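Okay, coords.tsv is below, TSV, C-alpha atoms and all ligand atoms:
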```tsv
chain	number	residue	atom	x	y	z
A	23	MET	CA	-9.56	-61.86	-22.78
A	24	THR	CA	-11.85	-60.99	-25.65
A	25	TYR	CA	-11.15	-58.07	-27.92
A	26	ARG	CA	-14.36	-56.38	-26.68
A	27	ARG	CA	-13.30	-56.74	-22.99
A	28	VAL	CA	-9.91	-55.23	-23.81
A	29	MET	CA	-11.65	-52.28	-25.45
A	30	VAL	CA	-13.90	-51.72	-22.40
A	31	LEU	CA	-10.93	-51.95	-20.04
A	32	SER	CA	-8.85	-49.55	-22.06
A	33	ARG	CA	-11.79	-47.15	-22.18
A	34	TRP	CA	-11.97	-47.24	-18.37
A	35	LYS	CA	-8.22	-46.78	-18.24
A	36	ALA	CA	-8.48	-43.79	-20.56
A	37	LEU	CA	-11.25	-42.31	-18.42
A	38	GLY	CA	-9.14	-42.90	-15.31
A	39	MET	CA	-6.18	-41.15	-16.91
A	40	LEU	CA	-8.39	-38.24	-17.93
A	41	GLY	CA	-9.74	-37.99	-14.36
A	42	LEU	CA	-6.22	-38.01	-13.00
A	43	LEU	CA	-5.20	-35.31	-15.47
A	44	VAL	CA	-8.19	-33.14	-14.47
A	45	CYS	CA	-7.26	-33.60	-10.79
A	46	ILE	CA	-3.64	-32.66	-11.44
A	47	LEU	CA	-4.69	-29.60	-13.45
A	48	TRP	CA	-7.16	-28.55	-10.76
A	49	LEU	CA	-4.64	-28.97	-7.94
A	50	GLY	CA	-2.02	-27.17	-10.02
A	51	THR	CA	-4.40	-24.27	-10.66
A	52	VAL	CA	-5.32	-24.02	-6.97
A	53	PHE	CA	-1.64	-24.12	-6.02
A	54	LEU	CA	-0.64	-21.48	-8.56
A	55	TRP	CA	-3.62	-19.33	-7.58
A	56	HIS	CA	-2.50	-19.29	-3.95
A	57	VAL	CA	1.17	-18.86	-4.76
A	58	LEU	CA	1.00	-16.29	-7.53
A	59	VAL	CA	-2.25	-14.39	-7.05
A	60	PRO	CA	-2.52	-12.33	-3.88
A	61	VAL	CA	-5.66	-12.52	-1.74
A	62	THR	CA	-6.57	-9.03	-2.83
A	63	SER	CA	-7.15	-9.96	-6.47
A	64	ASP	CA	-10.87	-9.13	-6.51
A	65	LEU	CA	-10.80	-5.37	-6.33
A	66	SER	CA	-13.34	-4.64	-9.06
A	67	ASN	CA	-15.63	-2.72	-6.69
A	68	TRP	CA	-12.91	-1.18	-4.58
A	69	HIS	CA	-12.05	2.34	-5.76
A	70	PRO	CA	-11.30	4.56	-2.76
A	71	THR	CA	-10.22	8.13	-3.45
A	72	VAL	CA	-7.18	7.62	-1.24
A	73	VAL	CA	-5.37	4.34	-0.64
A	74	LEU	CA	-3.09	4.29	2.37
A	75	ASP	CA	-0.46	1.59	2.53
A	76	PRO	CA	1.05	1.01	5.98
A	77	GLY	CA	4.40	-0.61	5.12
A	78	HIS	CA	5.24	-4.18	6.19
A	79	GLY	CA	3.15	-6.15	8.75
A	80	GLY	CA	2.84	-9.67	10.14
A	81	VAL	CA	6.09	-11.64	9.82
A	82	ASP	CA	7.67	-8.59	8.18
A	83	GLY	CA	8.43	-6.13	10.97
A	84	GLY	CA	10.33	-3.71	8.72
A	85	ALA	CA	12.96	-1.49	10.35
A	86	ASN	CA	13.07	-2.13	14.06
A	87	ILE	CA	14.84	-1.78	17.37
A	88	GLY	CA	14.04	-5.22	18.71
A	89	GLU	CA	10.41	-5.95	19.48
A	90	GLU	CA	9.52	-2.73	21.23
A	91	LEU	CA	9.87	-0.38	18.25
A	92	MET	CA	8.88	-1.82	14.90
A	93	GLU	CA	8.24	-0.05	11.61
A	94	LYS	CA	5.14	-2.20	10.92
A	95	ASN	CA	3.42	-0.89	14.08
A	96	ILE	CA	4.38	2.75	13.56
A	97	THR	CA	3.16	2.74	9.94
A	98	LEU	CA	-0.15	1.11	10.92
A	99	THR	CA	-0.81	3.55	13.77
A	100	LEU	CA	-0.03	6.44	11.45
A	101	ALA	CA	-2.11	5.16	8.53
A	102	LEU	CA	-5.15	4.54	10.76
A	103	THR	CA	-4.88	8.10	12.12
A	104	VAL	CA	-4.54	9.56	8.61
A	105	ARG	CA	-7.56	7.48	7.58
A	106	ASP	CA	-9.66	8.86	10.43
A	107	LEU	CA	-8.64	12.45	9.65
A	108	LEU	CA	-9.47	12.06	5.96
A	109	VAL	CA	-12.78	10.30	6.63
A	110	ALA	CA	-13.71	13.15	9.00
A	111	LYS	CA	-13.22	15.48	6.01
A	112	GLY	CA	-15.50	13.33	3.86
A	113	VAL	CA	-12.74	11.64	1.86
A	114	GLU	CA	-13.14	7.99	0.93
A	115	VAL	CA	-10.16	5.98	2.17
A	116	GLY	CA	-9.03	2.39	1.76
A	117	LEU	CA	-6.11	0.66	3.46
A	118	THR	CA	-3.95	-2.15	2.15
A	119	ARG	CA	-4.06	-3.61	5.68
A	120	GLU	CA	-5.84	-2.66	8.89
A	121	GLY	CA	-4.16	-5.12	11.24
A	122	ASP	CA	-0.80	-6.69	11.98
A	123	ARG	CA	-0.44	-8.75	8.82
A	124	ASP	CA	1.21	-8.52	5.45
A	125	VAL	CA	-0.85	-8.74	2.27
A	126	ALA	CA	1.05	-11.58	0.57
A	127	GLY	CA	-1.79	-14.06	1.06
A	128	PRO	CA	-1.26	-17.77	1.59
A	129	GLY	CA	1.73	-19.51	0.04
A	130	PRO	CA	5.25	-20.61	0.79
A	131	ALA	CA	7.66	-18.38	2.68
A	132	LYS	CA	9.79	-18.24	-0.44
A	133	GLY	CA	8.44	-15.46	-2.65
A	134	ARG	CA	6.36	-13.93	0.17
A	135	HIS	CA	8.00	-10.52	-0.18
A	136	ARG	CA	7.29	-10.29	-3.90
A	137	ARG	CA	3.69	-11.49	-3.47
A	138	ASP	CA	3.26	-8.86	-0.77
A	139	LEU	CA	4.57	-6.10	-3.04
A	140	LEU	CA	2.41	-7.22	-5.97
A	141	ALA	CA	-0.71	-7.29	-3.77
A	142	ARG	CA	0.05	-3.80	-2.50
A	143	LEU	CA	0.61	-2.63	-6.07
A	144	GLN	CA	-2.81	-3.97	-7.09
A	145	MET	CA	-4.42	-2.08	-4.23
A	146	VAL	CA	-2.61	1.25	-4.58
A	147	ARG	CA	-3.56	1.25	-8.28
A	148	GLN	CA	-7.25	1.33	-7.28
A	149	GLY	CA	-6.98	4.72	-5.59
A	150	LYS	CA	-7.23	8.15	-7.12
A	151	VAL	CA	-4.03	8.69	-5.17
A	152	ALA	CA	-2.02	6.43	-2.86
A	153	VAL	CA	0.50	6.95	-0.09
A	154	SER	CA	2.74	4.18	1.17
A	155	ILE	CA	4.05	4.95	4.64
A	156	HIS	CA	7.44	3.75	5.90
A	157	VAL	CA	10.18	4.28	8.47
A	158	ASN	CA	13.79	4.43	7.35
A	159	SER	CA	16.88	2.72	8.72
A	160	VAL	CA	20.50	3.04	7.57
A	161	GLN	CA	23.99	2.31	8.90
A	162	ASP	CA	24.81	6.00	9.34
A	163	PRO	CA	23.12	7.23	12.56
A	164	GLN	CA	23.53	10.85	11.38
A	165	GLN	CA	20.91	10.42	8.63
A	166	GLN	CA	17.76	12.07	9.85
A	167	GLY	CA	14.39	13.37	8.72
A	168	ALA	CA	11.60	12.67	6.28
A	169	LEU	CA	12.04	11.61	2.69
A	170	ILE	CA	9.45	11.19	-0.05
A	171	PHE	CA	9.75	9.19	-3.27
A	172	TYR	CA	7.73	9.19	-6.50
A	173	GLY	CA	7.99	7.32	-9.81
A	174	LYS	CA	10.44	9.15	-12.07
A	175	ASP	CA	8.07	9.74	-15.00
A	176	ASN	CA	4.92	10.19	-12.91
A	177	GLU	CA	4.36	13.97	-12.87
A	178	GLN	CA	1.16	13.70	-10.82
A	179	GLY	CA	3.07	11.54	-8.37
A	180	ARG	CA	5.67	14.28	-8.06
A	181	MET	CA	2.95	16.86	-7.43
A	182	LEU	CA	1.31	14.70	-4.77
A	183	ALA	CA	4.72	14.16	-3.15
A	184	ALA	CA	5.42	17.93	-3.20
A	185	SER	CA	2.03	18.68	-1.63
A	186	ILE	CA	2.63	16.20	1.19
A	187	LEU	CA	6.22	17.35	1.74
A	188	GLU	CA	5.04	20.95	1.99
A	189	GLU	CA	3.03	19.97	5.07
A	190	VAL	CA	5.41	17.37	6.51
A	191	GLN	CA	8.23	19.92	6.69
A	192	LYS	CA	6.14	21.86	9.22
A	193	VAL	CA	6.38	18.98	11.70
A	194	GLN	CA	9.55	17.10	10.77
A	195	GLN	CA	13.01	17.96	9.52
A	196	LEU	CA	13.54	16.88	5.91
A	197	ASN	CA	16.29	14.52	4.85
A	198	HIS	CA	15.98	15.88	1.32
A	199	PRO	CA	14.34	19.22	0.47
A	200	ALA	CA	12.33	17.96	-2.53
A	201	PRO	CA	10.54	14.79	-3.64
A	202	VAL	CA	13.05	12.21	-4.88
A	203	PRO	CA	12.38	10.44	-8.23
A	204	ARG	CA	12.94	6.67	-8.24
A	205	THR	CA	12.97	4.06	-10.97
A	206	ASN	CA	13.67	0.90	-8.98
A	207	LEU	CA	10.77	0.71	-6.52
A	208	LEU	CA	8.10	-1.64	-7.85
A	209	ILE	CA	5.06	0.19	-6.48
A	210	LEU	CA	6.22	3.51	-7.94
A	211	ARG	CA	7.50	2.09	-11.19
A	212	GLU	CA	4.40	0.05	-12.06
A	213	ALA	CA	1.60	2.42	-10.96
A	214	ASP	CA	0.30	5.09	-13.35
A	215	ASN	CA	-1.80	6.93	-10.77
A	216	PRO	CA	-0.17	9.36	-8.31
A	217	VAL	CA	1.54	7.06	-5.81
A	218	VAL	CA	4.25	8.10	-3.36
A	219	ILE	CA	6.34	6.44	-0.67
A	220	LEU	CA	6.83	8.54	2.44
A	221	GLU	CA	9.63	7.71	4.87
A	222	ILE	CA	8.71	9.65	7.98
A	223	GLY	CA	12.08	9.40	9.72
A	224	PHE	CA	15.06	7.22	10.56
A	225	ILE	CA	14.75	4.65	13.32
A	226	SER	CA	18.57	4.53	13.18
A	227	ASN	CA	18.83	8.17	14.29
A	228	PRO	CA	18.39	8.95	18.02
A	229	ILE	CA	16.37	12.16	17.48
A	230	ASP	CA	14.01	10.57	14.97
A	231	ARG	CA	13.77	7.44	17.11
A	232	ALA	CA	12.49	9.50	20.04
A	233	LYS	CA	9.93	11.15	17.74
A	234	LEU	CA	8.75	7.80	16.40
A	235	GLN	CA	7.88	6.80	19.98
A	236	ASP	CA	6.02	10.04	20.67
A	237	PRO	CA	2.24	9.83	20.08
A	238	ALA	CA	2.04	13.64	19.74
A	239	PHE	CA	4.58	13.57	16.91
A	240	LEU	CA	2.71	10.77	15.13
A	241	GLN	CA	-0.53	12.74	15.44
A	242	GLN	CA	1.12	15.83	13.92
A	243	MET	CA	2.67	13.74	11.17
A	244	ALA	CA	-0.71	12.14	10.41
A	245	ALA	CA	-2.36	15.57	10.22
A	246	SER	CA	0.32	16.86	7.86
A	247	ILE	CA	-0.03	13.83	5.56
A	248	ALA	CA	-3.83	14.21	5.51
A	249	THR	CA	-3.60	17.94	4.73
A	250	GLY	CA	-1.03	17.35	2.00
A	251	ILE	CA	-3.31	14.77	0.35
A	252	VAL	CA	-6.40	17.01	0.61
A	253	ASN	CA	-4.51	19.99	-0.82
A	254	TYR	CA	-3.39	17.92	-3.78
A	255	LEU	CA	-6.93	16.65	-4.44
A	256	LEU	CA	-8.41	20.14	-4.14
A	257	THR	CA	-5.87	21.82	-6.41
A	258	ASN	CA	-6.60	19.14	-8.98
A	259	GLY	CA	-10.34	19.95	-8.88
A	260	ASP	CA	-11.16	16.39	-7.95
A	261	LYS	CA	-14.85	15.52	-8.24
A	262	ASN	CA	-14.21	12.62	-5.84
A	263	MET	CA	-13.83	15.28	-3.16
A	264	TRP	CA	-17.59	15.86	-3.24
A	265	GLY	CA	-17.89	14.49	0.31
A	266	TYR	CA	-15.28	17.01	1.42
A	267	TRP	CA	-17.16	19.89	-0.21
A	268	GLN	CA	-20.43	18.76	1.37
A	269	GLY	CA	-18.61	18.83	4.73
A	270	LYS	CA	-17.73	22.44	3.90
A	271	GLY	CA	-21.43	23.23	3.71
A	272	LEU	CA	-21.80	23.65	-0.04
A	273	PRO	CA	-25.47	23.46	-1.02
A	274	CYS	CA	-26.55	19.99	-1.98
A	275	GLY	CA	-26.56	19.42	-5.72
A	276	LYS	CA	-23.92	22.07	-6.37
A	277	GLU	CA	-20.75	20.54	-7.59
A	278	PRO	CA	-17.36	21.95	-6.67
A	279	VAL	CA	-15.55	24.05	-9.24
B	1	ZN	ZN	9.65	0.13	5.07
```
I need this file expressed as structure tokens, please.
Amino acid sequence: MTYRRVMVLSRWKALGMLGLLVCILWLGTVFLWHVLVPVTSDLSNWHPTVVLDPGHGGVDGGANIGEELMEKNITLTLALTVRDLLVAKGVEVGLTREGDRDVAGPGPAKGRHRRDLLARLQMVRQGKVAVSIHVNSVQDPQQQGALIFYGKDNEQGRMLAASILEEVQKVQQLNHPAPVPRTNLLILREADNPVVILEIGFISNPIDRAKLQDPAFLQQMAASIATGIVNYLLTNGDKNMWGYWQGKGLPCGKEPV
């Protein structure tokens, strides 16, 4: 083999290696993208006034009594009703999910829960305010009533929670009389905007369980959540409530005070 032929061959070999490296990098990037970045990563044009987060979904049923009563279905029904009530008042609403699925995106089962939480966090951060809706379940069947959490140092979150609780207590017994500060819940800890987690009742308690299966109760609960959110937005003089004020018949062009 001549020296020149060796050079040509090694150049081809080098090019082949480079191609292989590019392929590996590309495949690695695609893999990491799907594993680490949730499907909801492009949210640059998504800024609803209110983000509603129906807890769980898809493979994640949440708290449940077998198949017939599952947290993921209750939270979705409730969130969709709250959405409709808010939209009817002219409030812009976005949901983290509108069907029976989680928001983890594609990827291995391992790490799904964390990907789901991170995707929800990205979405709740886009809202002026956000409410994550859940159903509780504990060992002690005596535990009963609604509970609302906010991020410990998030004062606006506490005010939003208080406004919602004020209305919720008209339709449901409270498990705790005031909003409860938390430091260990990712969505509350990492969001700077007013974000709260509302537990509407305990599936593990017979009285609450009956309520959770009652469409009239869910309708009342939805109305109380919607009113609590609107009251918070109004007391904070929110310009994003313009649609609401127009619905109230304010003359066009006149901004709310
Ligand atoms: Zn839950």
So that I can check the surroundings of segment 167-180 of chain A, please list as a compact mmCIF listing (two decimals) with C-alpha atoms, in the frame of the given file every protein, DNA and RNA residue that reaches within 9 Å of it, counting all atoms listed in the file and ignoring chain neighbours fewer than 6 positions away.
```txt
# COMPACT_ATOMS: atom_id res chain seq x y z
CA VAL A 151 -4.03 8.69 -5.17
CA VAL A 157 10.18 4.28 8.47
CA ASN A 158 13.79 4.43 7.35
CA ILE A 186 2.63 16.20 1.19
CA LEU A 187 6.22 17.35 1.74
CA VAL A 190 5.41 17.37 6.51
CA GLN A 191 8.23 19.92 6.69
CA GLN A 194 9.55 17.10 10.77
CA GLN A 195 13.01 17.96 9.52
CA LEU A 196 13.54 16.88 5.91
CA ASN A 197 16.29 14.52 4.85
CA HIS A 198 15.98 15.88 1.32
CA PRO A 199 14.34 19.22 0.47
CA ALA A 200 12.33 17.96 -2.53
CA PRO A 201 10.54 14.79 -3.64
CA VAL A 202 13.05 12.21 -4.88
CA PRO A 203 12.38 10.44 -8.23
CA ARG A 204 12.94 6.67 -8.24
CA THR A 205 12.97 4.06 -10.97
CA ASN A 206 13.67 0.90 -8.98
CA LEU A 207 10.77 0.71 -6.52
CA ILE A 209 5.06 0.19 -6.48
CA LEU A 210 6.22 3.51 -7.94
CA ARG A 211 7.50 2.09 -11.19
CA GLU A 212 4.40 0.05 -12.06
CA ALA A 213 1.60 2.42 -10.96
CA ASP A 214 0.30 5.09 -13.35
CA ASN A 215 -1.80 6.93 -10.77
CA PRO A 216 -0.17 9.36 -8.31
CA VAL A 217 1.54 7.06 -5.81
CA VAL A 218 4.25 8.10 -3.36
CA ILE A 219 6.34 6.44 -0.67
CA LEU A 220 6.83 8.54 2.44
CA GLU A 221 9.63 7.71 4.87
CA ILE A 222 8.71 9.65 7.98
CA GLY A 223 12.08 9.40 9.72
CA PHE A 224 15.06 7.22 10.56
CA ASN A 227 18.83 8.17 14.29
CA ASP A 230 14.01 10.57 14.97
```
Item to check | Neighbourhood of ligand ZN 1 (chain B) at 8 Å, counting all atoms listed in the file, reported as a list in words | outcome: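 Using all atoms listed in the file, everything at most 8 Å from ligand ZN 1 (chain B) comes to Gly77, His78, Gly84, Ala85, Glu93, Lys94, Ile155, His156, Val157, Asn158 and Glu221 of chain A.
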Generate a file of the selected residues that holds C-alpha atoms, formatted as a PDB file, in the frame of the given file.
```pdb
ATOM      1  CA  GLY A  77       4.400  -0.610   5.120  1.00  0.00           C
ATOM      2  CA  HIS A  78       5.240  -4.180   6.190  1.00  0.00           C
ATOM      3  CA  GLY A  84      10.330  -3.710   8.720  1.00  0.00           C
ATOM      4  CA  ALA A  85      12.960  -1.490  10.350  1.00  0.00           C
ATOM      5  CA  GLU A  93       8.240  -0.050  11.610  1.00  0.00           C
ATOM      6  CA  LYS A  94       5.140  -2.200  10.920  1.00  0.00           C
ATOM      7  CA  ILE A 155       4.050   4.950   4.640  1.00  0.00           C
ATOM      8  CA  HIS A 156       7.440   3.750   5.900  1.00  0.00           C
ATOM      9  CA  VAL A 157      10.180   4.280   8.470  1.00  0.00           C
ATOM     10  CA  ASN A 158      13.790   4.430   7.350  1.00  0.00           C
ATOM     11  CA  GLU A 221       9.630   7.710   4.870  1.00  0.00           C
TER      12      GLU A 221
END
```
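When atom CA of Arg123 of chain A is paired with atom CA of Leu74 of chain A, their separation reads 14.8 Å.
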Checklist entry - Between A:Arg119, A:Lys233, A:Arg147, A:Lys35, which one has atoms that come closest to Gly80 of chain A, using all atoms listed in the file? => result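 The closest residue to Gly80 of chain A is A:Arg119.
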Next on the checklist: Just to confirm, what's the straight-line distance from atom CA of Ile229 of chain A to atom CA of Val81 of chain A in Å (one decimal)?
Outcome noted: 27.0 Å
Checklist entry - Taking only C-alpha atoms into account, which of A:Met39, A:Pro128, A:Asp236, A:Asp75 comes nearest Ala101 of chain A? => result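 Smallest separation from Ala101 of chain A among the options: A:Asp75.
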Checklist entry - Interatomic distance between atom CA of Gly127 of chain A and atom CA of Ala141 of chain A? => result 8.4 Å
Item to check | For Val115 of chain A, the nearest of the candidates A:Asn95, A:Ser185, A:Ser159, A:Thr103, counting only C-alpha atoms | outcome: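 Going through A:Asn95, A:Ser185, A:Ser159, A:Thr103 one by one, the smallest distance to Val115 of chain A is for A:Thr103.
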Item to check | Residue neighbourhood Ala131 of chain A, 12 Å, all atoms listed in the file, exclusion window fewer than 4 positions, as a ChimeraX atom specification | outcome: /A:57,81-82,126-127,135-138
Checklist entry - Smallest atom-to-atom distance to Ala245 of chain A: which of A:Gly121, A:Pro76, A:Thr71, A:Glu189, using only C-alpha atoms? => result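 Using only C-alpha atoms, the shortest distance to Ala245 of chain A belongs to A:Glu189.
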Item to check | Proximity to Gln148 of chain A - best of A:Ala184, A:Val73, A:Leu208, A:Leu256, all atoms listed in the file | outcome: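 Using all atoms listed in the file, the shortest distance to Gln148 of chain A belongs to A:Val73.
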Next on the checklist: I'd like to know which of A:Gln164, A:Ser226, A:Thr118, A:Ser154 is closest to Met92 of chain A, using all atoms listed in the file.
Outcome noted: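 Among the listed residues, the smallest separation from Met92 of chain A belongs to A:Ser226.
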Item to check | For Ser246 of chain A: contacts at 8 Å, all atoms listed in the file, fewer than 2 positions along chain excluded, given as a list in words | outcome: Ile186, Glu189, Val190, Lys192, Val193, Gln242, Met243, Ala244, Ala248, Thr249 and Gly250 of chain A
